[in-house]
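Visitor: Below is the file protein-v8.cif, with mmCIF, C-alpha atoms.
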```cif
data_my_file
#
loop_
_atom_site.label_atom_id
_atom_site.label_comp_id
_atom_site.auth_asym_id
_atom_site.auth_seq_id
_atom_site.Cartn_x
_atom_site.Cartn_y
_atom_site.Cartn_z
CA MET A 13 -133.70 134.90 -33.26
CA VAL A 14 -135.19 135.31 -36.72
CA PRO A 15 -132.53 134.59 -39.40
CA LEU A 16 -131.55 137.62 -41.48
CA SER A 17 -132.60 136.03 -44.76
CA LEU A 18 -136.07 135.34 -43.33
CA GLN A 19 -136.26 138.88 -41.95
CA ALA A 20 -135.57 140.19 -45.48
CA THR A 21 -138.31 138.00 -46.96
CA ILE A 22 -140.82 139.17 -44.35
CA ASP A 23 -139.76 142.81 -44.78
CA ASN A 24 -140.58 142.51 -48.49
CA GLU A 25 -143.97 140.98 -47.70
CA LEU A 26 -144.64 143.73 -45.16
CA ALA A 27 -143.69 146.46 -47.64
CA ALA A 28 -146.19 145.12 -50.18
CA LEU A 29 -148.89 144.78 -47.51
CA ILE A 30 -148.27 148.32 -46.21
CA SER A 31 -148.57 149.65 -49.78
CA ASP A 32 -151.84 147.80 -50.40
CA LEU A 33 -153.33 148.90 -47.09
CA ALA A 34 -152.27 152.50 -47.78
CA LEU A 35 -154.57 152.39 -50.81
CA LYS A 36 -157.53 150.68 -49.09
CA GLN A 37 -157.55 151.94 -45.51
CA PRO A 38 -158.40 155.61 -46.30
CA THR A 39 -161.57 154.58 -48.16
CA TYR A 40 -162.53 152.17 -45.39
CA PHE A 41 -161.95 154.90 -42.79
CA THR A 42 -164.05 157.40 -44.76
CA THR A 43 -167.00 155.03 -45.10
CA LYS A 44 -166.84 153.27 -41.69
CA GLY A 45 -165.30 155.92 -39.44
CA ARG A 46 -162.46 153.63 -38.37
CA TYR A 47 -159.66 151.59 -39.88
CA TRP A 48 -160.10 147.98 -40.93
CA GLN A 49 -158.72 145.26 -38.67
CA GLY A 50 -157.50 141.98 -40.08
CA ALA A 51 -157.60 138.76 -38.06
CA ARG A 52 -154.42 136.67 -38.23
CA THR A 53 -153.90 135.30 -41.75
CA HIS A 54 -152.83 131.85 -40.51
CA THR A 55 -154.32 129.76 -37.71
CA THR A 56 -150.71 128.96 -36.74
CA PRO A 57 -147.79 131.19 -37.79
CA PRO A 58 -145.33 129.73 -40.31
CA ALA A 59 -142.35 128.04 -38.70
CA ASP A 60 -138.62 127.80 -39.35
CA GLY A 61 -138.58 129.69 -42.64
CA LEU A 62 -141.18 127.58 -44.43
CA LEU A 63 -143.53 129.46 -46.75
CA VAL A 64 -147.15 128.62 -45.91
CA ALA A 65 -150.45 129.46 -47.59
CA PRO A 66 -152.66 131.76 -45.47
CA ASN A 67 -155.58 129.62 -44.26
CA ASN A 68 -157.59 132.14 -42.24
CA LEU A 69 -158.40 134.86 -44.77
CA THR A 70 -162.16 134.74 -44.20
CA ALA A 71 -161.82 135.45 -40.46
CA LYS A 72 -163.07 138.86 -39.31
CA ALA A 73 -162.59 141.04 -36.28
CA THR A 74 -165.55 140.49 -33.95
CA ASP A 75 -166.86 144.03 -34.52
CA GLN A 76 -166.35 144.21 -38.29
CA THR A 77 -167.90 142.57 -41.33
CA ASP A 78 -164.91 142.58 -43.69
CA SER A 79 -162.12 140.02 -44.03
CA TRP A 80 -158.86 139.89 -45.97
CA LEU A 81 -160.83 138.34 -48.84
CA THR A 82 -163.76 140.77 -48.92
CA LEU A 83 -161.37 143.73 -49.00
CA ALA A 84 -159.17 141.96 -51.57
CA ILE A 85 -156.00 142.61 -49.56
CA ALA A 86 -153.11 141.39 -51.69
CA LEU A 87 -150.98 138.68 -50.11
CA PRO A 88 -148.64 136.18 -51.75
CA ALA A 89 -150.02 132.65 -52.17
CA LEU A 90 -147.34 131.51 -49.71
CA THR A 91 -146.06 133.75 -46.92
CA ALA A 92 -143.16 133.56 -44.51
CA ALA A 93 -145.17 135.05 -41.61
CA ALA A 94 -148.72 135.33 -40.31
CA TYR A 95 -150.07 138.89 -40.51
CA THR A 96 -152.56 140.72 -38.31
CA VAL A 97 -153.85 144.30 -38.54
CA HIS A 98 -155.00 146.05 -35.35
CA ALA A 99 -156.68 149.45 -35.51
CA TYR A 100 -156.52 152.02 -32.71
CA ALA A 101 -158.02 155.37 -31.81
CA ALA A 102 -155.85 157.72 -29.76
CA ARG A 103 -155.97 161.39 -28.79
CA ALA A 104 -153.29 162.07 -31.38
CA GLY A 105 -155.39 160.38 -34.07
CA ASP A 106 -156.37 157.03 -35.49
CA GLY A 107 -154.03 154.46 -36.98
CA TYR A 108 -153.27 150.79 -37.30
CA VAL A 109 -150.47 148.37 -36.54
CA ILE A 110 -149.43 145.47 -38.75
CA HIS A 111 -147.95 142.50 -36.90
CA ALA A 112 -145.83 139.79 -38.54
CA ASP A 113 -145.59 136.58 -36.49
CA VAL A 114 -143.25 133.66 -37.12
CA ILE A 115 -142.07 130.64 -35.13
CA ILE A 116 -138.35 129.77 -35.05
CA SER A 117 -137.29 126.61 -33.21
CA GLY A 118 -140.48 126.61 -31.15
CA VAL A 119 -140.23 130.30 -30.19
CA GLN A 120 -142.74 132.82 -31.56
CA HIS A 121 -141.35 136.17 -32.70
CA ARG A 122 -143.19 139.35 -33.72
CA LYS A 123 -142.34 142.46 -35.70
CA SER A 124 -144.79 145.38 -35.61
CA VAL A 125 -145.15 148.30 -38.03
CA ASN A 126 -147.29 151.28 -37.04
CA VAL A 127 -149.17 153.43 -39.54
CA GLY A 128 -150.42 156.50 -37.71
CA PRO A 129 -149.48 158.79 -34.83
CA ALA A 130 -148.52 156.09 -32.28
CA ALA A 131 -144.94 155.68 -33.52
CA TRP A 132 -143.93 153.75 -30.37
CA LEU A 133 -146.01 150.80 -31.61
CA THR A 134 -143.41 150.05 -34.30
CA ARG A 135 -141.15 147.32 -32.90
CA THR A 136 -138.28 145.31 -34.28
CA TRP A 137 -138.26 141.54 -33.85
CA ARG A 138 -138.95 140.38 -30.32
CA THR A 139 -139.83 137.10 -28.65
CA THR A 140 -143.53 136.99 -27.82
CA LYS A 141 -144.09 133.39 -26.78
CA VAL A 142 -142.05 130.30 -26.04
CA ILE A 143 -143.88 127.23 -27.32
CA LYS A 144 -143.11 123.91 -25.68
CA MET A 145 -142.46 121.31 -28.36
CA SER A 146 -143.13 117.75 -27.22
#
```
Represent the structure of the file as structure tokens.

Guide:
Amino acid sequence: MVPLSLQATIDNELAALISDLALKQPTYFTTKGRYWQGARTHTTPPADGLLVAPNNLTAKATDQTDSWLTLAIALPALTAAAYTVHAYAARAGDGYVIHADVIISGVQHRKSVNVGPAAWLTRTWRTTKVIKMS
């Protein structure tokens, strides 16, 4: 389970990220015909409430040329979670989902926030992977 204080920190980071993407994604969509996708900001998600500098901001989706850095997506210098942006195209319309990943006591958890018509893609915290710690 993700501690409530950490959930609040990540919710604040997500709110800022959602606001920044709301400004940049429409322009990207207009020029490219699809929404931007962001590879995970950290090679390994932050663990146990530690704030960690994103170390994967130059990574790009395999079918896109822009990264977190080239689009100047605003992130804090240290974050409580690793963030990923996945775009989708559906009959109801296009959109994107922002995932926040964190590890607590060796268990990976994810929260997802949808921006677009696929409202069911928004999810509260759930366990996504149990990591064996040796």

Visitor: Given the choices A:Thr96, A:Asn24, A:Thr91, A:Gln37, which gets closest to Ala73 in chain A if the distance is worked out from all atoms listed in the file?

Guide: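 Smallest separation from Ala73 in chain A among the options: A:Thr96.
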
Visitor: Which one of A:Pro15, A:Val114, A:Tyr100, A:Thr43 sits closest to Pro129 in chain A if you count only C-alpha atoms?

Guide: A:Tyr100

Visitor: Could you give me, as a VMD selection string, the residues within 7 Å of range 29-36 of chain A, counting all atoms listed in the file and dropping anything in the same chain fewer than 4 positions from it?

Guide: chain A and resid 25 40 85 to 87

Visitor: Could you pull the residues within 8 Å of Ala59 in chain A, counting all atoms listed in the file, minus those fewer than 4 positions along the same chain, as a PyMOL selection string?

Guide: chain A and resi 114-118

Visitor: In Å to one decimal, how far is CA of Gly107 in chain A from CA of Thr42 in chain A?

Guide: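 Rounded to one decimal, the two atoms are 13.0 Å apart.
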
Visitor: Calculated over all atoms listed in the file, which of the candidates A:Thr53, A:Ser17, A:Thr139, A:Thr134 has the smallest distance to Ala93 in chain A?

Guide: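 Going through A:Thr53, A:Ser17, A:Thr139, A:Thr134 one by one, the smallest distance to Ala93 in chain A is for A:Thr53.
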
Visitor: Between A:Pro38, A:Leu81, A:Leu18, A:Thr56, which one has atoms that come closest to Gly128 in chain A, using all atoms listed in the file?

Guide: A:Pro38
